[in-house]
$ cat my_file-v2.pdb   # PDB, C-alpha atoms
ATOM      1  CA  MET A  50      16.328 -14.277 -60.942
ATOM      2  CA  LEU A  51      15.367 -11.986 -58.074
ATOM      3  CA  ASN A  52      14.165 -13.184 -54.667
ATOM      4  CA  ILE A  53      10.728 -11.892 -53.638
ATOM      5  CA  ALA A  54       9.362 -11.627 -50.084
ATOM      6  CA  VAL A  55       5.592 -11.315 -49.649
ATOM      7  CA  MET A  56       4.267  -9.618 -46.503
ATOM      8  CA  VAL A  57       0.813 -10.796 -45.365
ATOM      9  CA  SER A  58      -1.631 -10.475 -42.460
ATOM     10  CA  GLY A  59      -4.692 -12.532 -43.382
ATOM     11  CA  GLY A  60      -6.170 -14.948 -45.882
ATOM     12  CA  GLY A  61      -3.539 -14.426 -48.533
ATOM     13  CA  THR A  62      -5.673 -14.166 -51.691
ATOM     14  CA  ASN A  63      -3.168 -11.747 -53.252
ATOM     15  CA  LEU A  64      -0.359 -14.124 -52.274
ATOM     16  CA  GLN A  65      -2.291 -16.899 -54.043
ATOM     17  CA  ALA A  66      -2.504 -14.734 -57.167
ATOM     18  CA  LEU A  67       1.313 -14.445 -57.094
ATOM     19  CA  ILE A  68       1.756 -18.194 -56.514
ATOM     20  CA  ASP A  69      -0.614 -18.962 -59.418
ATOM     21  CA  ALA A  70       1.178 -16.464 -61.695
ATOM     22  CA  GLN A  71       4.514 -18.081 -60.865
ATOM     23  CA  SER A  72       3.185 -21.571 -61.625
ATOM     24  CA  ARG A  73       1.735 -20.329 -64.970
ATOM     25  CA  GLY A  74       5.116 -18.836 -65.895
ATOM     26  CA  GLU A  75       3.848 -15.241 -65.850
ATOM     27  CA  LEU A  76       6.046 -14.339 -62.879
ATOM     28  CA  LYS A  77       9.336 -15.585 -64.287
ATOM     29  CA  SER A  78      11.980 -12.942 -63.530
ATOM     30  CA  GLY A  79      11.667 -13.433 -59.773
ATOM     31  CA  LYS A  80      10.818 -16.245 -57.400
ATOM     32  CA  LEU A  81       8.699 -16.234 -54.267
ATOM     33  CA  ALA A  82      11.401 -16.897 -51.669
ATOM     34  CA  LEU A  83       9.793 -15.898 -48.346
ATOM     35  CA  VAL A  84       6.372 -15.138 -46.857
ATOM     36  CA  ILE A  85       6.266 -13.093 -43.647
ATOM     37  CA  SER A  86       3.039 -12.780 -41.669
ATOM     38  CA  SER A  87       2.266 -10.176 -39.024
ATOM     39  CA  LYS A  88      -0.053 -12.725 -37.356
ATOM     40  CA  GLU A  89       0.225 -16.291 -36.133
ATOM     41  CA  GLY A  90      -2.262 -18.602 -37.806
ATOM     42  CA  ALA A  91      -2.906 -16.398 -40.863
ATOM     43  CA  TYR A  92      -4.281 -18.614 -43.650
ATOM     44  CA  ALA A  93      -1.707 -17.054 -45.989
ATOM     45  CA  LEU A  94       0.962 -19.093 -44.154
ATOM     46  CA  LYS A  95      -0.831 -22.303 -45.142
ATOM     47  CA  ARG A  96      -0.965 -21.165 -48.773
ATOM     48  CA  ALA A  97       2.797 -20.502 -48.664
ATOM     49  CA  GLU A  98       3.566 -23.876 -47.080
ATOM     50  CA  GLN A  99       1.445 -25.682 -49.678
ATOM     51  CA  ALA A 100       3.472 -23.919 -52.394
ATOM     52  CA  GLY A 101       6.779 -24.828 -50.711
ATOM     53  CA  ILE A 102       7.684 -21.227 -49.792
ATOM     54  CA  PRO A 103       9.545 -20.638 -46.485
ATOM     55  CA  THR A 104       7.512 -18.674 -43.916
ATOM     56  CA  LYS A 105       8.167 -16.515 -40.868
ATOM     57  CA  VAL A 106       5.862 -14.829 -38.347
ATOM     58  CA  ILE A 107       6.985 -11.382 -37.116
ATOM     59  CA  PRO A 108       4.215  -9.805 -34.987
ATOM     60  CA  ARG A 109       4.677  -6.165 -33.961
ATOM     61  CA  LYS A 110       3.563  -6.912 -30.394
ATOM     62  CA  ALA A 111       6.460  -9.315 -29.871
ATOM     63  CA  TYR A 112       8.903  -6.375 -29.936
ATOM     64  CA  ASP A 113       9.191  -3.680 -27.292
ATOM     65  CA  SER A 114      10.160  -0.949 -29.758
ATOM     66  CA  GLN A 115       9.639   0.034 -33.376
ATOM     67  CA  GLY A 116      13.394  -0.216 -33.884
ATOM     68  CA  ALA A 117      13.525  -3.841 -32.724
ATOM     69  CA  PHE A 118      10.567  -4.712 -34.977
ATOM     70  CA  ASP A 119      12.242  -2.977 -37.942
ATOM     71  CA  ARG A 120      15.482  -4.900 -37.347
ATOM     72  CA  ALA A 121      13.609  -8.225 -37.231
ATOM     73  CA  ILE A 122      12.010  -7.519 -40.611
ATOM     74  CA  LEU A 123      15.213  -6.286 -42.253
ATOM     75  CA  ASP A 124      17.212  -9.222 -40.827
ATOM     76  CA  ALA A 125      14.658 -11.678 -42.273
ATOM     77  CA  TRP A 126      14.829 -10.004 -45.696
ATOM     78  CA  ARG A 127      18.627  -9.908 -45.707
ATOM     79  CA  GLU A 128      18.959 -13.491 -44.494
ATOM     80  CA  ALA A 129      16.769 -14.669 -47.403
ATOM     81  CA  ARG A 130      18.659 -12.345 -49.818
ATOM     82  CA  ILE A 131      15.455 -10.558 -50.767
ATOM     83  CA  ASP A 132      15.572  -8.171 -53.735
ATOM     84  CA  LEU A 133      11.885  -7.159 -53.927
ATOM     85  CA  VAL A 134       9.199  -6.954 -51.241
ATOM     86  CA  VAL A 135       5.485  -7.211 -52.040
ATOM     87  CA  LEU A 136       2.907  -6.056 -49.470
ATOM     88  CA  ALA A 137      -0.178  -8.212 -50.050
ATOM     89  CA  GLY A 138      -2.829  -7.297 -47.498
ATOM     90  CA  TYR A 139      -0.140  -6.480 -44.917
ATOM     91  CA  LEU A 140      -1.705  -4.455 -42.106
ATOM     92  CA  SER A 141       1.408  -3.162 -40.305
ATOM     93  CA  ILE A 142       2.831   0.155 -41.516
ATOM     94  CA  LEU A 143       6.507  -0.106 -42.421
ATOM     95  CA  SER A 144       8.635   2.635 -40.857
ATOM     96  CA  ALA A 145      10.684   5.120 -42.857
ATOM     97  CA  ASP A 146      13.861   3.269 -41.749
ATOM     98  CA  VAL A 147      12.597   0.070 -43.409
ATOM     99  CA  THR A 148      11.327   1.733 -46.587
ATOM    100  CA  ARG A 149      14.614   3.657 -46.943
ATOM    101  CA  ALA A 150      16.674   0.479 -46.478
ATOM    102  CA  TYR A 151      14.771  -1.063 -49.424
ATOM    103  CA  GLN A 152      14.119   2.160 -51.351
ATOM    104  CA  ASP A 153      12.164   1.564 -54.586
ATOM    105  CA  ARG A 154      12.118  -2.177 -53.821
ATOM    106  CA  ILE A 155       8.805  -2.440 -51.923
ATOM    107  CA  ILE A 156       5.441  -2.474 -53.713
ATOM    108  CA  ASN A 157       1.897  -2.494 -52.374
ATOM    109  CA  VAL A 158      -1.515  -3.154 -53.866
ATOM    110  CA  HIS A 159      -4.260  -0.774 -52.710
ATOM    111  CA  PRO A 160      -7.965  -1.368 -53.478
ATOM    112  CA  SER A 161      -8.783   2.020 -55.012
ATOM    113  CA  LEU A 162      -7.616   4.302 -57.797
ATOM    114  CA  ILE A 163      -5.056   6.365 -55.884
ATOM    115  CA  PRO A 164      -5.269   9.297 -55.023
ATOM    116  CA  SER A 165      -8.907   8.464 -54.145
ATOM    117  CA  PHE A 166      -9.709   6.675 -50.859
ATOM    118  CA  CYS A 167      -6.142   6.076 -49.732
ATOM    119  CA  GLY A 168      -3.726   6.957 -46.949
ATOM    120  CA  ALA A 169      -3.846   6.289 -43.204
ATOM    121  CA  GLY A 170      -7.036   4.523 -42.105
ATOM    122  CA  TYR A 171      -8.068   3.385 -45.595
ATOM    123  CA  TYR A 172      -7.703  -0.384 -45.761
ATOM    124  CA  GLY A 173      -9.869  -3.440 -46.368
ATOM    125  CA  LEU A 174     -13.613  -2.885 -46.512
ATOM    126  CA  ARG A 175     -13.252   0.739 -45.338
ATOM    127  CA  VAL A 176     -11.964   1.683 -48.799
ATOM    128  CA  HIS A 177     -15.009   0.191 -50.550
ATOM    129  CA  GLN A 178     -17.428   1.679 -47.996
ATOM    130  CA  ALA A 179     -15.952   5.117 -48.689
ATOM    131  CA  ALA A 180     -16.249   4.673 -52.472
ATOM    132  CA  LEU A 181     -19.918   3.672 -52.165
ATOM    133  CA  GLN A 182     -20.738   6.467 -49.690
ATOM    134  CA  TYR A 183     -19.123   9.034 -51.980
ATOM    135  CA  GLY A 184     -21.121   7.756 -54.947
ATOM    136  CA  VAL A 185     -18.250   7.322 -57.416
ATOM    137  CA  LYS A 186     -19.111   5.274 -60.504
ATOM    138  CA  VAL A 187     -15.665   3.740 -60.974
ATOM    139  CA  THR A 188     -13.139   2.371 -58.504
ATOM    140  CA  GLY A 189     -10.309  -0.116 -58.983
ATOM    141  CA  ALA A 190      -6.877  -1.015 -57.677
ATOM    142  CA  THR A 191      -3.417   0.521 -57.726
ATOM    143  CA  VAL A 192       0.025  -0.994 -57.326
ATOM    144  CA  HIS A 193       2.542   1.572 -56.129
ATOM    145  CA  ILE A 194       6.050   1.888 -54.754
ATOM    146  CA  VAL A 195       6.053   2.094 -50.948
ATOM    147  CA  ASN A 196       7.679   5.055 -49.232
ATOM    148  CA  GLU A 197       7.289   6.630 -45.776
ATOM    149  CA  ILE A 198       3.883   8.142 -46.702
ATOM    150  CA  PRO A 199       1.029   5.563 -46.587
ATOM    151  CA  ASP A 200      -0.092   4.991 -50.215
ATOM    152  CA  GLY A 201       2.141   7.917 -51.218
ATOM    153  CA  GLY A 202       4.722   6.322 -53.516
ATOM    154  CA  ARG A 203       4.989   6.358 -57.293
ATOM    155  CA  ILE A 204       2.148   4.556 -59.109
ATOM    156  CA  LEU A 205       3.196   1.542 -61.187
ATOM    157  CA  LEU A 206      -0.112   0.144 -62.478
ATOM    158  CA  GLN A 207      -3.827   0.882 -62.136
ATOM    159  CA  LYS A 208      -6.966  -0.858 -63.325
ATOM    160  CA  ALA A 209     -10.503   0.499 -63.170
ATOM    161  CA  VAL A 210     -13.524  -1.502 -61.990
ATOM    162  CA  GLU A 211     -17.105  -0.348 -62.524
ATOM    163  CA  ILE A 212     -19.355   0.154 -59.498
ATOM    164  CA  ARG A 213     -22.832  -1.355 -59.792
ATOM    165  CA  GLU A 214     -26.075   0.049 -58.385
ATOM    166  CA  ASP A 215     -26.596  -2.933 -56.055
ATOM    167  CA  ASP A 216     -23.003  -3.164 -54.786
ATOM    168  CA  THR A 217     -22.244  -3.635 -51.110
ATOM    169  CA  PRO A 218     -18.731  -3.118 -49.697
ATOM    170  CA  GLU A 219     -18.355  -6.929 -49.736
ATOM    171  CA  THR A 220     -19.427  -7.478 -53.374
ATOM    172  CA  LEU A 221     -17.298  -4.534 -54.489
ATOM    173  CA  GLN A 222     -14.262  -5.819 -52.589
ATOM    174  CA  LYS A 223     -14.600  -9.232 -54.248
ATOM    175  CA  ARG A 224     -14.903  -7.763 -57.763
ATOM    176  CA  VAL A 225     -11.975  -5.374 -57.280
ATOM    177  CA  MET A 226      -9.842  -8.330 -56.156
ATOM    178  CA  GLU A 227     -10.884 -10.589 -59.049
ATOM    179  CA  GLU A 228     -10.819  -7.973 -61.823
ATOM    180  CA  ALA A 229      -7.929  -5.773 -60.688
ATOM    181  CA  GLU A 230      -5.783  -6.770 -57.684
ATOM    182  CA  TRP A 231      -5.108 -10.383 -58.678
ATOM    183  CA  LYS A 232      -4.108  -9.284 -62.196
ATOM    184  CA  LEU A 233      -2.094  -6.165 -61.355
ATOM    185  CA  LEU A 234       0.040  -7.508 -58.515
ATOM    186  CA  PRO A 235       1.759 -10.321 -60.468
ATOM    187  CA  GLN A 236       2.222  -7.961 -63.451
ATOM    188  CA  ALA A 237       3.849  -5.335 -61.233
ATOM    189  CA  ALA A 238       6.086  -7.908 -59.512
ATOM    190  CA  GLU A 239       7.288  -9.179 -62.899
ATOM    191  CA  LEU A 240       7.835  -5.599 -64.124
ATOM    192  CA  MET A 241       9.922  -4.762 -61.037
ATOM    193  CA  CYS A 242      11.981  -7.955 -61.327
ATOM    194  CA  GLN A 243      12.774  -7.116 -64.946
ATOM    195  CA  THR A 244      14.028  -3.625 -64.056
ATOM    196  CA  LEU A 245      15.781  -4.039 -60.681
ATOM    197  CA  GLU A 246      19.405  -5.049 -60.250
ATOM    198  CA  PRO A 247      19.932  -7.887 -57.741
ATOM    199  CA  LEU A 248      20.850  -6.628 -54.252
ATOM    200  CA  TYR A 249      22.989  -9.681 -53.524
ATOM    201  CA  GLN A 250      25.572 -11.092 -55.922
TER     202      GLN A 250
END
$ encode --input "my_file-v2.pdb" --output "structure tokens"
Amino acid sequence: MLNIAVMVSGGGTNLQALIDAQSRGELKSGKLALVISSKEGAYALKRAEQAGIPTKVIPRKAYDSQGAFDRAILDAWREARIDLVVLAGYLSILSADVTRAYQDRIINVHPSLIPSFCGAGYYGLRVHQAALQYGVKVTGATVHIVNEIPDGGRILLQKAVEIREDDTPETLQKRVMEEAEWKLLPQAAELMCQTLEPLYQ
């Protein structure tokens, strides 16, 4: 069974989807072994504690260089013998040094059908605002491998979600989460755990 780290910054709804999938036996080839937050007091930390998952807070501003921040993250992953990393609403960009150290072992969920509305600056409600402004009829979510290009790695899974006439960015965000993100992320984590070799024997 592979060890999974989940990286969070906020409320942790995608983390909750992973916790629920694990308790239902859908995420069975890996176990949630660590939750790292970029912010103190993120509600995701409470969700992790309630599920009995060890937590750590590693804020970027606590480190005087990108290198020191990178080392803190990699040390935490290695200490917990992490095989797969899941970015679940994580708002810090991982450097190329970090993504290379865990090449093809980091996945992210993005709230659009990549290559639409993705890349630097597209996160949270901004993605849904852009979809509505552009007038597309279908949006969705994508789980992809993370590399040094924001939202640029290989696509693992996608699911489409219809846009309604009366949608606001907030209603669209909620529906994309419920219909796509919360389903895709556990599926992708299980898929990765079935295909990856353990990093630590």
$ residues_around --input "my_file-v2.pdb" --residues "Pro247 of chain A" --least-positions-apart "3" --cutoff "10 Å" --atoms "all atoms listed in the file" --output "PyMOL selection string"
chain A and resi 50-52+130-133+242+244+250
$ atom_distance --input "my_file-v2.pdb" --atom1 "atom CA of Thr217 of chain A" --atom2 "atom CA of Gly168 of chain A"
21.7 Å
$ residues_around --input "my_file-v2.pdb" --residues "Asn157 of chain A" --least-positions-apart "3" --cutoff "8 Å" --atoms "all atoms listed in the file" --output "list of chain:residue names"
A:Val135, A:Leu136, A:Ala137, A:Val192, A:His193, A:Ile194, A:Val195
$ residues_around --input "my_file-v2.pdb" --residues "Ser72 of chain A" --least-positions-apart "6" --cutoff "12 Å" --atoms "all atoms listed in the file" --output "PyMOL selection string"
chain A and resi 65-66+79-81+100-101+235
$ resolve_selection --input "my_file-v2.pdb" --expression "the PyMOL selection byres ((chain A and resi 96) around 10)" --output "PyMOL selection string"
chain A and resi 60-62+64-65+68+84+91-95+97-102
$ axis_aligned_box --input "my_file-v2.pdb" --around "segment 127-140 of chain A" --padding-each-side "4 Å" --output "AutoDock Vina command-line options"
--center_x 8.1 --center_y -9.6 --center_z -48.0 --size_x 29.8 --size_y 18.2 --size_z 19.8
